[in-house]
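Q: Just so it is clear, I am handing over input-v6.pdb, which has PDB, N, CA and C atoms.
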ATOM      1  N   MET U   1       4.842  18.179   0.812
ATOM      2  CA  MET U   1       3.689  17.313   0.974
ATOM      3  C   MET U   1       4.099  16.096   1.785
ATOM      4  N   SER U   2       3.516  15.942   2.968
ATOM      5  CA  SER U   2       3.860  14.783   3.786
ATOM      6  C   SER U   2       2.601  13.968   4.045
ATOM      7  N   HIS U   3       2.805  12.713   4.240
ATOM      8  CA  HIS U   3       1.673  11.842   4.534
ATOM      9  C   HIS U   3       1.771  11.372   5.972
ATOM     10  N   GLN U   4       0.671  11.014   6.531
ATOM     11  CA  GLN U   4       0.615  10.491   7.885
ATOM     12  C   GLN U   4       0.915   9.007   7.837
ATOM     13  N   PRO U   5       2.017   8.560   8.427
ATOM     14  CA  PRO U   5       2.273   7.118   8.416
ATOM     15  C   PRO U   5       1.265   6.382   9.292
ATOM     16  N   ARG U   6       0.844   5.240   8.831
ATOM     17  CA  ARG U   6      -0.064   4.384   9.606
ATOM     18  C   ARG U   6       0.624   3.065   9.858
ATOM     19  N   ILE U   7       0.460   2.581  11.064
ATOM     20  CA  ILE U   7       1.041   1.297  11.428
ATOM     21  C   ILE U   7       0.102   0.191  10.976
ATOM     22  N   LEU U   8       0.634  -0.725  10.199
ATOM     23  CA  LEU U   8      -0.132  -1.889   9.759
ATOM     24  C   LEU U   8       0.275  -3.083  10.612
ATOM     25  N   ILE U   9      -0.692  -3.885  10.998
ATOM     26  CA  ILE U   9      -0.443  -5.063  11.831
ATOM     27  C   ILE U   9      -0.564  -6.312  10.975
ATOM     28  N   HIS U  10       0.442  -7.172  11.083
ATOM     29  CA  HIS U  10       0.455  -8.464  10.398
ATOM     30  C   HIS U  10       0.561  -9.537  11.482
ATOM     31  N   PRO U  11      -0.577  -9.921  12.084
ATOM     32  CA  PRO U  11      -0.544 -10.822  13.239
ATOM     33  C   PRO U  11       0.090 -12.177  12.947
ATOM     34  N   GLU U  12       0.067 -12.605  11.695
ATOM     35  CA  GLU U  12       0.662 -13.896  11.352
ATOM     36  C   GLU U  12       2.178 -13.898  11.558
ATOM     37  N   ASN U  13       2.788 -12.702  11.632
ATOM     38  CA  ASN U  13       4.235 -12.594  11.832
ATOM     39  C   ASN U  13       4.633 -12.393  13.291
ATOM     40  N   CYS U  14       3.679 -12.104  14.154
ATOM     41  CA  CYS U  14       3.984 -11.801  15.552
ATOM     42  C   CYS U  14       4.430 -13.059  16.294
ATOM     43  N   ARG U  15       5.526 -12.918  17.046
ATOM     44  CA  ARG U  15       6.053 -14.027  17.850
ATOM     45  C   ARG U  15       5.879 -13.793  19.342
ATOM     46  N   GLY U  16       5.254 -12.675  19.716
ATOM     47  CA  GLY U  16       4.980 -12.398  21.123
ATOM     48  C   GLY U  16       6.196 -11.968  21.922
ATOM     49  N   CYS U  17       7.215 -11.444  21.280
ATOM     50  CA  CYS U  17       8.446 -11.061  21.982
ATOM     51  C   CYS U  17       8.290  -9.791  22.817
ATOM     52  N   ARG U  18       7.313  -8.965  22.485
ATOM     53  CA  ARG U  18       6.980  -7.729  23.202
ATOM     54  C   ARG U  18       8.038  -6.624  23.090
ATOM     55  N   ARG U  19       8.921  -6.727  22.105
ATOM     56  CA  ARG U  19       9.902  -5.660  21.875
ATOM     57  C   ARG U  19       9.203  -4.347  21.538
ATOM     58  N   CYS U  20       8.080  -4.431  20.849
ATOM     59  CA  CYS U  20       7.329  -3.233  20.471
ATOM     60  C   CYS U  20       6.804  -2.502  21.707
ATOM     61  N   GLU U  21       6.302  -3.260  22.681
ATOM     62  CA  GLU U  21       5.800  -2.657  23.916
ATOM     63  C   GLU U  21       6.914  -1.941  24.666
ATOM     64  N   ILE U  22       8.052  -2.601  24.802
ATOM     65  CA  ILE U  22       9.178  -2.017  25.519
ATOM     66  C   ILE U  22       9.694  -0.775  24.796
ATOM     67  N   ALA U  23       9.794  -0.834  23.469
ATOM     68  CA  ALA U  23      10.261   0.326  22.702
ATOM     69  C   ALA U  23       9.327   1.518  22.899
ATOM     70  N   CYS U  24       8.043   1.261  22.933
ATOM     71  CA  CYS U  24       7.057   2.326  23.100
ATOM     72  C   CYS U  24       7.212   3.011  24.456
ATOM     73  N   VAL U  25       7.242   2.258  25.526
ATOM     74  CA  VAL U  25       7.319   2.885  26.848
ATOM     75  C   VAL U  25       8.698   3.465  27.121
ATOM     76  N   TRP U  26       9.731   2.849  26.581
ATOM     77  CA  TRP U  26      11.084   3.362  26.808
ATOM     78  C   TRP U  26      11.236   4.757  26.199
ATOM     79  N   ARG U  27      10.706   4.956  24.994
ATOM     80  CA  ARG U  27      10.826   6.250  24.319
ATOM     81  C   ARG U  27       9.923   7.297  24.970
ATOM     82  N   ASP U  28       8.891   6.873  25.664
ATOM     83  CA  ASP U  28       7.929   7.803  26.243
ATOM     84  C   ASP U  28       8.213   8.056  27.722
ATOM     85  N   GLN U  29       8.255   7.010  28.499
ATOM     86  CA  GLN U  29       8.344   7.129  29.942
ATOM     87  C   GLN U  29       9.761   6.960  30.490
ATOM     88  N   GLY U  30      10.643   6.297  29.722
ATOM     89  CA  GLY U  30      11.962   5.987  30.236
ATOM     90  C   GLY U  30      11.911   4.852  31.237
ATOM     91  N   SER U  31      10.794   4.142  31.266
ATOM     92  CA  SER U  31      10.633   3.012  32.177
ATOM     93  C   SER U  31      10.424   1.742  31.367
ATOM     94  N   LEU U  32      10.304   0.645  32.043
ATOM     95  CA  LEU U  32      10.071  -0.627  31.352
ATOM     96  C   LEU U  32       8.762  -1.265  31.793
ATOM     97  N   ASN U  33       7.724  -0.485  31.915
ATOM     98  CA  ASN U  33       6.416  -0.994  32.299
ATOM     99  C   ASN U  33       5.542  -1.099  31.053
ATOM    100  N   PRO U  34       5.449  -2.298  30.459
ATOM    101  CA  PRO U  34       4.698  -2.450  29.211
ATOM    102  C   PRO U  34       3.211  -2.107  29.325
ATOM    103  N   ARG U  35       2.672  -2.054  30.535
ATOM    104  CA  ARG U  35       1.258  -1.681  30.691
ATOM    105  C   ARG U  35       1.008  -0.228  30.285
ATOM    106  N   LEU U  36       2.069   0.574  30.216
ATOM    107  CA  LEU U  36       1.928   1.977  29.820
ATOM    108  C   LEU U  36       2.078   2.189  28.319
ATOM    109  N   ALA U  37       2.331   1.137  27.577
ATOM    110  CA  ALA U  37       2.573   1.235  26.133
ATOM    111  C   ALA U  37       1.282   1.488  25.368
ATOM    112  N   GLY U  38       1.436   2.071  24.192
ATOM    113  CA  GLY U  38       0.302   2.280  23.292
ATOM    114  C   GLY U  38       0.003   1.055  22.454
ATOM    115  N   ILE U  39       0.846   0.048  22.563
ATOM    116  CA  ILE U  39       0.650  -1.218  21.855
ATOM    117  C   ILE U  39       0.707  -2.348  22.874
ATOM    118  N   HIS U  40      -0.130  -3.337  22.670
ATOM    119  CA  HIS U  40      -0.152  -4.498  23.563
ATOM    120  C   HIS U  40      -0.262  -5.766  22.729
ATOM    121  N   ILE U  41       0.330  -6.815  23.235
ATOM    122  CA  ILE U  41       0.248  -8.116  22.587
ATOM    123  C   ILE U  41      -0.784  -8.947  23.331
ATOM    124  N   LEU U  42      -1.846  -9.282  22.641
ATOM    125  CA  LEU U  42      -2.870 -10.168  23.206
ATOM    126  C   LEU U  42      -2.500 -11.599  22.866
ATOM    127  N   GLN U  43      -2.612 -12.466  23.828
ATOM    128  CA  GLN U  43      -2.369 -13.883  23.567
ATOM    129  C   GLN U  43      -3.704 -14.595  23.516
ATOM    130  N   LEU U  44      -4.019 -15.094  22.332
ATOM    131  CA  LEU U  44      -5.263 -15.820  22.140
ATOM    132  C   LEU U  44      -4.981 -17.285  22.465
ATOM    133  N   ASP U  45      -5.249 -17.667  23.710
ATOM    134  CA  ASP U  45      -4.866 -18.981  24.227
ATOM    135  C   ASP U  45      -5.445 -20.145  23.446
ATOM    136  N   ASN U  46      -6.660 -20.037  23.026
ATOM    137  CA  ASN U  46      -7.288 -21.155  22.326
ATOM    138  C   ASN U  46      -6.591 -21.487  21.008
ATOM    139  N   ASP U  47      -6.026 -20.442  20.372
ATOM    140  CA  ASP U  47      -5.392 -20.637  19.077
ATOM    141  C   ASP U  47      -3.867 -20.615  19.148
ATOM    142  N   GLY U  48      -3.297 -20.236  20.304
ATOM    143  CA  GLY U  48      -1.846 -20.126  20.425
ATOM    144  C   GLY U  48      -1.282 -19.010  19.573
ATOM    145  N   ILE U  49      -2.040 -17.930  19.419
ATOM    146  CA  ILE U  49      -1.656 -16.818  18.546
ATOM    147  C   ILE U  49      -1.371 -15.580  19.399
ATOM    148  N   ASP U  50      -0.311 -14.868  19.046
ATOM    149  CA  ASP U  50      -0.015 -13.566  19.641
ATOM    150  C   ASP U  50      -0.523 -12.513  18.667
ATOM    151  N   TYR U  51      -1.267 -11.527  19.188
ATOM    152  CA  TYR U  51      -1.917 -10.550  18.318
ATOM    153  C   TYR U  51      -1.624  -9.132  18.813
ATOM    154  N   PRO U  52      -0.848  -8.333  18.052
ATOM    155  CA  PRO U  52      -0.587  -6.944  18.439
ATOM    156  C   PRO U  52      -1.846  -6.092  18.279
ATOM    157  N   THR U  53      -2.107  -5.238  19.256
ATOM    158  CA  THR U  53      -3.216  -4.289  19.177
ATOM    159  C   THR U  53      -2.700  -2.903  19.535
ATOM    160  N   LEU U  54      -3.173  -1.909  18.814
ATOM    161  CA  LEU U  54      -2.789  -0.519  19.046
ATOM    162  C   LEU U  54      -3.915   0.219  19.737
ATOM    163  N   ASN U  55      -3.551   1.190  20.593
ATOM    164  CA  ASN U  55      -4.598   2.029  21.155
ATOM    165  C   ASN U  55      -5.081   3.014  20.094
ATOM    166  N   THR U  56      -6.155   3.707  20.367
ATOM    167  CA  THR U  56      -6.779   4.590  19.379
ATOM    168  C   THR U  56      -5.844   5.703  18.941
ATOM    169  N   GLU U  57      -5.077   6.265  19.872
ATOM    170  CA  GLU U  57      -4.163   7.353  19.520
ATOM    171  C   GLU U  57      -3.118   6.887  18.508
ATOM    172  N   CYS U  58      -2.580   5.694  18.702
ATOM    173  CA  CYS U  58      -1.574   5.169  17.773
ATOM    174  C   CYS U  58      -2.174   4.874  16.396
ATOM    175  N   GLN U  59      -3.425   4.495  16.363
ATOM    176  CA  GLN U  59      -4.078   4.217  15.091
ATOM    177  C   GLN U  59      -4.353   5.500  14.313
ATOM    178  N   ASP U  60      -4.624   6.590  15.024
ATOM    179  CA  ASP U  60      -5.032   7.839  14.384
ATOM    180  C   ASP U  60      -3.873   8.689  13.870
ATOM    181  N   ARG U  61      -2.764   8.729  14.613
ATOM    182  CA  ARG U  61      -1.666   9.603  14.193
ATOM    183  C   ARG U  61      -0.339   9.097  14.734
ATOM    184  N   PHE U  62       0.736   9.556  14.120
ATOM    185  CA  PHE U  62       2.085   9.181  14.534
ATOM    186  C   PHE U  62       2.364   9.762  15.909
ATOM    187  N   CYS U  63       2.825   8.925  16.805
ATOM    188  CA  CYS U  63       3.042   9.335  18.194
ATOM    189  C   CYS U  63       4.274  10.212  18.363
ATOM    190  N   GLY U  64       5.206  10.157  17.434
ATOM    191  CA  GLY U  64       6.420  10.948  17.542
ATOM    192  C   GLY U  64       7.562  10.224  18.222
ATOM    193  N   LYS U  65       7.301   9.020  18.751
ATOM    194  CA  LYS U  65       8.360   8.241  19.407
ATOM    195  C   LYS U  65       9.156   7.501  18.343
ATOM    196  N   THR U  66      10.403   7.883  18.197
ATOM    197  CA  THR U  66      11.252   7.228  17.215
ATOM    198  C   THR U  66      12.440   6.587  17.897
ATOM    199  N   SER U  67      13.106   5.731  17.179
ATOM    200  CA  SER U  67      14.295   5.048  17.660
ATOM    201  C   SER U  67      15.489   5.545  16.858
ATOM    202  N   PRO U  68      16.678   5.596  17.464
ATOM    203  CA  PRO U  68      17.865   5.972  16.686
ATOM    204  C   PRO U  68      18.126   5.019  15.518
ATOM    205  N   ALA U  69      17.596   3.802  15.594
ATOM    206  CA  ALA U  69      17.794   2.810  14.526
ATOM    207  C   ALA U  69      16.755   2.921  13.412
ATOM    208  N   ALA U  70      15.844   3.881  13.513
ATOM    209  CA  ALA U  70      14.774   4.013  12.516
ATOM    210  C   ALA U  70      15.338   4.297  11.136
ATOM    211  N   MET U  71      14.748   3.657  10.132
ATOM    212  CA  MET U  71      15.168   3.869   8.747
ATOM    213  C   MET U  71      14.633   5.188   8.187
ATOM    214  N   HIS U  72      13.523   5.669   8.730
ATOM    215  CA  HIS U  72      12.873   6.884   8.267
ATOM    216  C   HIS U  72      12.550   7.756   9.471
ATOM    217  N   PRO U  73      12.550   9.073   9.320
ATOM    218  CA  PRO U  73      12.296   9.962  10.456
ATOM    219  C   PRO U  73      10.893   9.832  11.045
ATOM    220  N   GLU U  74       9.953   9.288  10.296
ATOM    221  CA  GLU U  74       8.592   9.133  10.801
ATOM    222  C   GLU U  74       8.264   7.684  11.125
ATOM    223  N   GLU U  75       9.284   6.869  11.403
ATOM    224  CA  GLU U  75       9.057   5.468  11.745
ATOM    225  C   GLU U  75       8.938   5.329  13.257
ATOM    226  N   PRO U  76       7.787   4.902  13.761
ATOM    227  CA  PRO U  76       7.603   4.756  15.202
ATOM    228  C   PRO U  76       8.567   3.724  15.801
ATOM    229  N   ALA U  77       8.898   3.932  17.058
ATOM    230  CA  ALA U  77       9.829   3.043  17.758
ATOM    231  C   ALA U  77       9.325   1.603  17.776
ATOM    232  N   CYS U  78       8.020   1.407  17.879
ATOM    233  CA  CYS U  78       7.473   0.040  17.919
ATOM    234  C   CYS U  78       7.732  -0.696  16.612
ATOM    235  N   VAL U  79       7.633   0.019  15.492
ATOM    236  CA  VAL U  79       7.875  -0.589  14.183
ATOM    237  C   VAL U  79       9.352  -0.936  14.032
ATOM    238  N   THR U  80      10.231  -0.027  14.456
ATOM    239  CA  THR U  80      11.672  -0.264  14.387
ATOM    240  C   THR U  80      12.066  -1.474  15.222
ATOM    241  N   ALA U  81      11.443  -1.631  16.383
ATOM    242  CA  ALA U  81      11.799  -2.712  17.310
ATOM    243  C   ALA U  81      11.330  -4.085  16.847
ATOM    244  N   CYS U  82      10.337  -4.149  15.982
ATOM    245  CA  CYS U  82       9.781  -5.434  15.552
ATOM    246  C   CYS U  82      10.730  -6.129  14.578
ATOM    247  N   LEU U  83      11.233  -7.271  14.983
ATOM    248  CA  LEU U  83      12.181  -8.031  14.163
ATOM    249  C   LEU U  83      11.493  -8.942  13.148
ATOM    250  N   PHE U  84      10.205  -9.147  13.295
ATOM    251  CA  PHE U  84       9.495 -10.141  12.489
ATOM    252  C   PHE U  84       8.520  -9.529  11.489
ATOM    253  N   GLN U  85       8.537  -8.218  11.324
ATOM    254  CA  GLN U  85       7.645  -7.489  10.431
ATOM    255  C   GLN U  85       6.171  -7.729  10.748
ATOM    256  N   ALA U  86       5.868  -7.881  12.034
ATOM    257  CA  ALA U  86       4.477  -7.930  12.443
ATOM    258  C   ALA U  86       3.882  -6.526  12.437
ATOM    259  N   LEU U  87       4.760  -5.506  12.528
ATOM    260  CA  LEU U  87       4.359  -4.111  12.432
ATOM    261  C   LEU U  87       5.136  -3.477  11.287
ATOM    262  N   THR U  88       4.428  -2.859  10.383
ATOM    263  CA  THR U  88       5.062  -2.125   9.283
ATOM    264  C   THR U  88       4.316  -0.821   9.100
ATOM    265  N   LEU U  89       4.866   0.057   8.292
ATOM    266  CA  LEU U  89       4.188   1.303   7.957
ATOM    267  C   LEU U  89       3.486   1.150   6.627
ATOM    268  N   ASN U  90       2.400   1.893   6.446
ATOM    269  CA  ASN U  90       1.748   1.865   5.140
ATOM    270  C   ASN U  90       2.754   2.318   4.092
ATOM    271  N   GLY U  91       2.723   1.685   2.945
ATOM    272  CA  GLY U  91       3.653   2.014   1.880
ATOM    273  C   GLY U  91       4.874   1.109   1.847
ATOM    274  N   GLU U  92       5.100   0.326   2.905
ATOM    275  CA  GLU U  92       6.228  -0.595   2.875
ATOM    276  C   GLU U  92       5.864  -1.816   2.034
ATOM    277  N   ASP U  93       6.811  -2.285   1.301
ATOM    278  CA  ASP U  93       6.639  -3.492   0.511
ATOM    279  C   ASP U  93       7.065  -4.656   1.375
ATOM    280  N   LYS U  94       6.101  -5.427   1.878
ATOM    281  CA  LYS U  94       6.388  -6.507   2.817
ATOM    282  C   LYS U  94       7.315  -7.565   2.234
ATOM    283  N   GLU U  95       7.182  -7.872   0.967
ATOM    284  CA  GLU U  95       7.996  -8.925   0.375
ATOM    285  C   GLU U  95       9.444  -8.491   0.204
ATOM    286  N   HIS U  96       9.662  -7.221  -0.097
ATOM    287  CA  HIS U  96      11.011  -6.746  -0.388
ATOM    288  C   HIS U  96      11.621  -5.938   0.737
ATOM    289  N   GLY U  97      10.813  -5.602   1.775
ATOM    290  CA  GLY U  97      11.337  -4.866   2.912
ATOM    291  C   GLY U  97      11.738  -3.429   2.606
ATOM    292  N   THR U  98      11.137  -2.841   1.588
ATOM    293  CA  THR U  98      11.465  -1.466   1.235
ATOM    294  C   THR U  98      10.252  -0.582   1.373
ATOM    295  N   CYS U  99      10.510   0.694   1.419
ATOM    296  CA  CYS U  99       9.396   1.644   1.471
ATOM    297  C   CYS U  99       9.220   2.326   0.154
TER
END
Would you write the structure of this file as structure tokens?
A:
Amino acid sequence: MSHQPRILIHPENCRGCRRCEIACVWRDQGSLNPRLAGIHILQLDNDGIDYPTLNTECQDRFCGKTSPAAMHPEEPACVTACLFQALTLNGEDKEHGTC
């Protein structure tokens, strides 16, 4: 019995580093063009907030792009790359950092 992991966004933790964008395109295209990523960081200028947004495909199902540093086999590369826990998987305990 397996569950479909879902990426949860915690915009209050985002620092706008764009590591998630680079991880996404690197695992897919082998390039460093963040415009091709399934995740984008929107900068809300009026509020000074960086806000991660996922495309519809990433919201619906696991893309299959993983990183060698992933803690779990179904952890997307974008989640692994996020140093600030702005992206987590459903089921992760944000306070304790465990799944």
Q: Enter the distance from atom CA of Pro34 of chain U to atom CA of Cys20 of chain U, in Å, rounded to one decimal.
A: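 Answer for the atom CA of Pro34 of chain U to atom CA of Cys20 of chain U separation: 9.2 Å.
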Q: Would you kindly return, as a ChimeraX atom specification, each protein, DNA or RNA residue with an atom no farther than 6 Å from any atom of Asp50 of chain U, considering all atoms listed in the file and excluding same-chain residues fewer than 5 positions away?
A: /U:11,14-16,41-44
Q: Considering all atoms listed in the file, return as number ranges by chain whatever protein or nucleic-acid residues lie within 6 Å of Ala81 of chain U, sequence-local ones (same chain, fewer than 3 positions apart) excluded.
A: U: 19-20, 77-78
Q: Using N, CA and C atoms, can you write the selected residues to a file as a short mmCIF file (atom, residue, chain, number, x, y, z; two decimals), in the frame of the given file?
A:
data_model
loop_
_atom_site.label_atom_id
_atom_site.label_comp_id
_atom_site.auth_asym_id
_atom_site.auth_seq_id
_atom_site.Cartn_x
_atom_site.Cartn_y
_atom_site.Cartn_z
N ARG U 19 8.92 -6.73 22.10
CA ARG U 19 9.90 -5.66 21.88
C ARG U 19 9.20 -4.35 21.54
N CYS U 20 8.08 -4.43 20.85
CA CYS U 20 7.33 -3.23 20.47
C CYS U 20 6.80 -2.50 21.71
N ALA U 77 8.90 3.93 17.06
CA ALA U 77 9.83 3.04 17.76
C ALA U 77 9.32 1.60 17.78
N CYS U 78 8.02 1.41 17.88
CA CYS U 78 7.47 0.04 17.92
C CYS U 78 7.73 -0.70 16.61
#
Q: Please expand the PyMOL selection byres (((chain U and resi 68-74 and name CA) around 10) and name CA) into the concrete residues it hits in this file, giving the result as number ranges by chain.
A: U: 3-6, 62-67, 75-81, 89, 98-99
Q: Taking (3.5, -6.4, 8.4) in the file's coordinates, which residues come within 5 Å, counting only N, CA and C atoms, written as a list in words?
A: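 Output: Ile9, His10, Gln85, Ala86, Leu87 and Thr88 of chain U.
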Q: Return as a PyMOL selection string the full set of residues in chain U whose backbone-based DSSP assignment is helix (DSSP H, G or I).
A: chain U and resi 11-13+19-28+34-36+56-60+77-81
Q: With N, CA and C atoms retained, could you export that selection as a PDB file, in the frame of the given file?
A:
ATOM      1  N   PRO U  11      -0.577  -9.921  12.084  1.00  0.00           N
ATOM      2  CA  PRO U  11      -0.544 -10.822  13.239  1.00  0.00           C
ATOM      3  C   PRO U  11       0.090 -12.177  12.947  1.00  0.00           C
ATOM      4  N   GLU U  12       0.067 -12.605  11.695  1.00  0.00           N
ATOM      5  CA  GLU U  12       0.662 -13.896  11.352  1.00  0.00           C
ATOM      6  C   GLU U  12       2.178 -13.898  11.558  1.00  0.00           C
ATOM      7  N   ASN U  13       2.788 -12.702  11.632  1.00  0.00           N
ATOM      8  CA  ASN U  13       4.235 -12.594  11.832  1.00  0.00           C
ATOM      9  C   ASN U  13       4.633 -12.393  13.291  1.00  0.00           C
ATOM     10  N   ARG U  19       8.921  -6.727  22.105  1.00  0.00           N
ATOM     11  CA  ARG U  19       9.902  -5.660  21.875  1.00  0.00           C
ATOM     12  C   ARG U  19       9.203  -4.347  21.538  1.00  0.00           C
ATOM     13  N   CYS U  20       8.080  -4.431  20.849  1.00  0.00           N
ATOM     14  CA  CYS U  20       7.329  -3.233  20.471  1.00  0.00           C
ATOM     15  C   CYS U  20       6.804  -2.502  21.707  1.00  0.00           C
ATOM     16  N   GLU U  21       6.302  -3.260  22.681  1.00  0.00           N
ATOM     17  CA  GLU U  21       5.800  -2.657  23.916  1.00  0.00           C
ATOM     18  C   GLU U  21       6.914  -1.941  24.666  1.00  0.00           C
ATOM     19  N   ILE U  22       8.052  -2.601  24.802  1.00  0.00           N
ATOM     20  CA  ILE U  22       9.178  -2.017  25.519  1.00  0.00           C
ATOM     21  C   ILE U  22       9.694  -0.775  24.796  1.00  0.00           C
ATOM     22  N   ALA U  23       9.794  -0.834  23.469  1.00  0.00           N
ATOM     23  CA  ALA U  23      10.261   0.326  22.702  1.00  0.00           C
ATOM     24  C   ALA U  23       9.327   1.518  22.899  1.00  0.00           C
ATOM     25  N   CYS U  24       8.043   1.261  22.933  1.00  0.00           N
ATOM     26  CA  CYS U  24       7.057   2.326  23.100  1.00  0.00           C
ATOM     27  C   CYS U  24       7.212   3.011  24.456  1.00  0.00           C
ATOM     28  N   VAL U  25       7.242   2.258  25.526  1.00  0.00           N
ATOM     29  CA  VAL U  25       7.319   2.885  26.848  1.00  0.00           C
ATOM     30  C   VAL U  25       8.698   3.465  27.121  1.00  0.00           C
ATOM     31  N   TRP U  26       9.731   2.849  26.581  1.00  0.00           N
ATOM     32  CA  TRP U  26      11.084   3.362  26.808  1.00  0.00           C
ATOM     33  C   TRP U  26      11.236   4.757  26.199  1.00  0.00           C
ATOM     34  N   ARG U  27      10.706   4.956  24.994  1.00  0.00           N
ATOM     35  CA  ARG U  27      10.826   6.250  24.319  1.00  0.00           C
ATOM     36  C   ARG U  27       9.923   7.297  24.970  1.00  0.00           C
ATOM     37  N   ASP U  28       8.891   6.873  25.664  1.00  0.00           N
ATOM     38  CA  ASP U  28       7.929   7.803  26.243  1.00  0.00           C
ATOM     39  C   ASP U  28       8.213   8.056  27.722  1.00  0.00           C
ATOM     40  N   PRO U  34       5.449  -2.298  30.459  1.00  0.00           N
ATOM     41  CA  PRO U  34       4.698  -2.450  29.211  1.00  0.00           C
ATOM     42  C   PRO U  34       3.211  -2.107  29.325  1.00  0.00           C
ATOM     43  N   ARG U  35       2.672  -2.054  30.535  1.00  0.00           N
ATOM     44  CA  ARG U  35       1.258  -1.681  30.691  1.00  0.00           C
ATOM     45  C   ARG U  35       1.008  -0.228  30.285  1.00  0.00           C
ATOM     46  N   LEU U  36       2.069   0.574  30.216  1.00  0.00           N
ATOM     47  CA  LEU U  36       1.928   1.977  29.820  1.00  0.00           C
ATOM     48  C   LEU U  36       2.078   2.189  28.319  1.00  0.00           C
ATOM     49  N   THR U  56      -6.155   3.707  20.367  1.00  0.00           N
ATOM     50  CA  THR U  56      -6.779   4.590  19.379  1.00  0.00           C
ATOM     51  C   THR U  56      -5.844   5.703  18.941  1.00  0.00           C
ATOM     52  N   GLU U  57      -5.077   6.265  19.872  1.00  0.00           N
ATOM     53  CA  GLU U  57      -4.163   7.353  19.520  1.00  0.00           C
ATOM     54  C   GLU U  57      -3.118   6.887  18.508  1.00  0.00           C
ATOM     55  N   CYS U  58      -2.580   5.694  18.702  1.00  0.00           N
ATOM     56  CA  CYS U  58      -1.574   5.169  17.773  1.00  0.00           C
ATOM     57  C   CYS U  58      -2.174   4.874  16.396  1.00  0.00           C
ATOM     58  N   GLN U  59      -3.425   4.495  16.363  1.00  0.00           N
ATOM     59  CA  GLN U  59      -4.078   4.217  15.091  1.00  0.00           C
ATOM     60  C   GLN U  59      -4.353   5.500  14.313  1.00  0.00           C
ATOM     61  N   ASP U  60      -4.624   6.590  15.024  1.00  0.00           N
ATOM     62  CA  ASP U  60      -5.032   7.839  14.384  1.00  0.00           C
ATOM     63  C   ASP U  60      -3.873   8.689  13.870  1.00  0.00           C
ATOM     64  N   ALA U  77       8.898   3.932  17.058  1.00  0.00           N
ATOM     65  CA  ALA U  77       9.829   3.043  17.758  1.00  0.00           C
ATOM     66  C   ALA U  77       9.325   1.603  17.776  1.00  0.00           C
ATOM     67  N   CYS U  78       8.020   1.407  17.879  1.00  0.00           N
ATOM     68  CA  CYS U  78       7.473   0.040  17.919  1.00  0.00           C
ATOM     69  C   CYS U  78       7.732  -0.696  16.612  1.00  0.00           C
ATOM     70  N   VAL U  79       7.633   0.019  15.492  1.00  0.00           N
ATOM     71  CA  VAL U  79       7.875  -0.589  14.183  1.00  0.00           C
ATOM     72  C   VAL U  79       9.352  -0.936  14.032  1.00  0.00           C
ATOM     73  N   THR U  80      10.231  -0.027  14.456  1.00  0.00           N
ATOM     74  CA  THR U  80      11.672  -0.264  14.387  1.00  0.00           C
ATOM     75  C   THR U  80      12.066  -1.474  15.222  1.00  0.00           C
ATOM     76  N   ALA U  81      11.443  -1.631  16.383  1.00  0.00           N
ATOM     77  CA  ALA U  81      11.799  -2.712  17.310  1.00  0.00           C
ATOM     78  C   ALA U  81      11.330  -4.085  16.847  1.00  0.00           C
TER      79      ALA U  81
END
Q: What's the separation between atom CA of Leu8 of chain U and atom CA of Ala37 of chain U, in Å to one decimal place?
A: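 Atom CA of Ala37 of chain U lies 16.9 Å from atom CA of Leu8 of chain U.
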Q: Atom CA of Phe84 of chain U and atom CA of Tyr51 of chain U are how many Å apart?
A: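 Atom CA of Tyr51 of chain U lies at a distance of 12.8 Å from atom CA of Phe84 of chain U.
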Q: Identify which of the residues U:Ala23, U:Ile7, U:Asp45, U:Ile39 lies closest to Asp60 of chain U, counting only C-alpha atoms when measuring atom-to-atom distances.
A: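 Of the candidates, the smallest distance to Asp60 of chain U is held by U:Ile7.
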Q: Assuming the chain letters and numbering stay as they are in my file, what does the PyMOL selection byres ((chain U and resi 55) around 7) actually select? List them as a list of chain:residue names.
A: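 Selection result, ordered by chain and number: U:Ala37, U:Gly38, U:Ile39, U:His40, U:Thr53, U:Leu54, U:Thr56, U:Glu57, U:Cys58, U:Gln59, U:Asp60.
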Q: Run DSSP on the backbone and grab whatever in chain U lands in strand (DSSP E or B); send it over as a ChimeraX atom specification.
A: /U:7-9,39-44,49-54,66,76,87-89,93,98
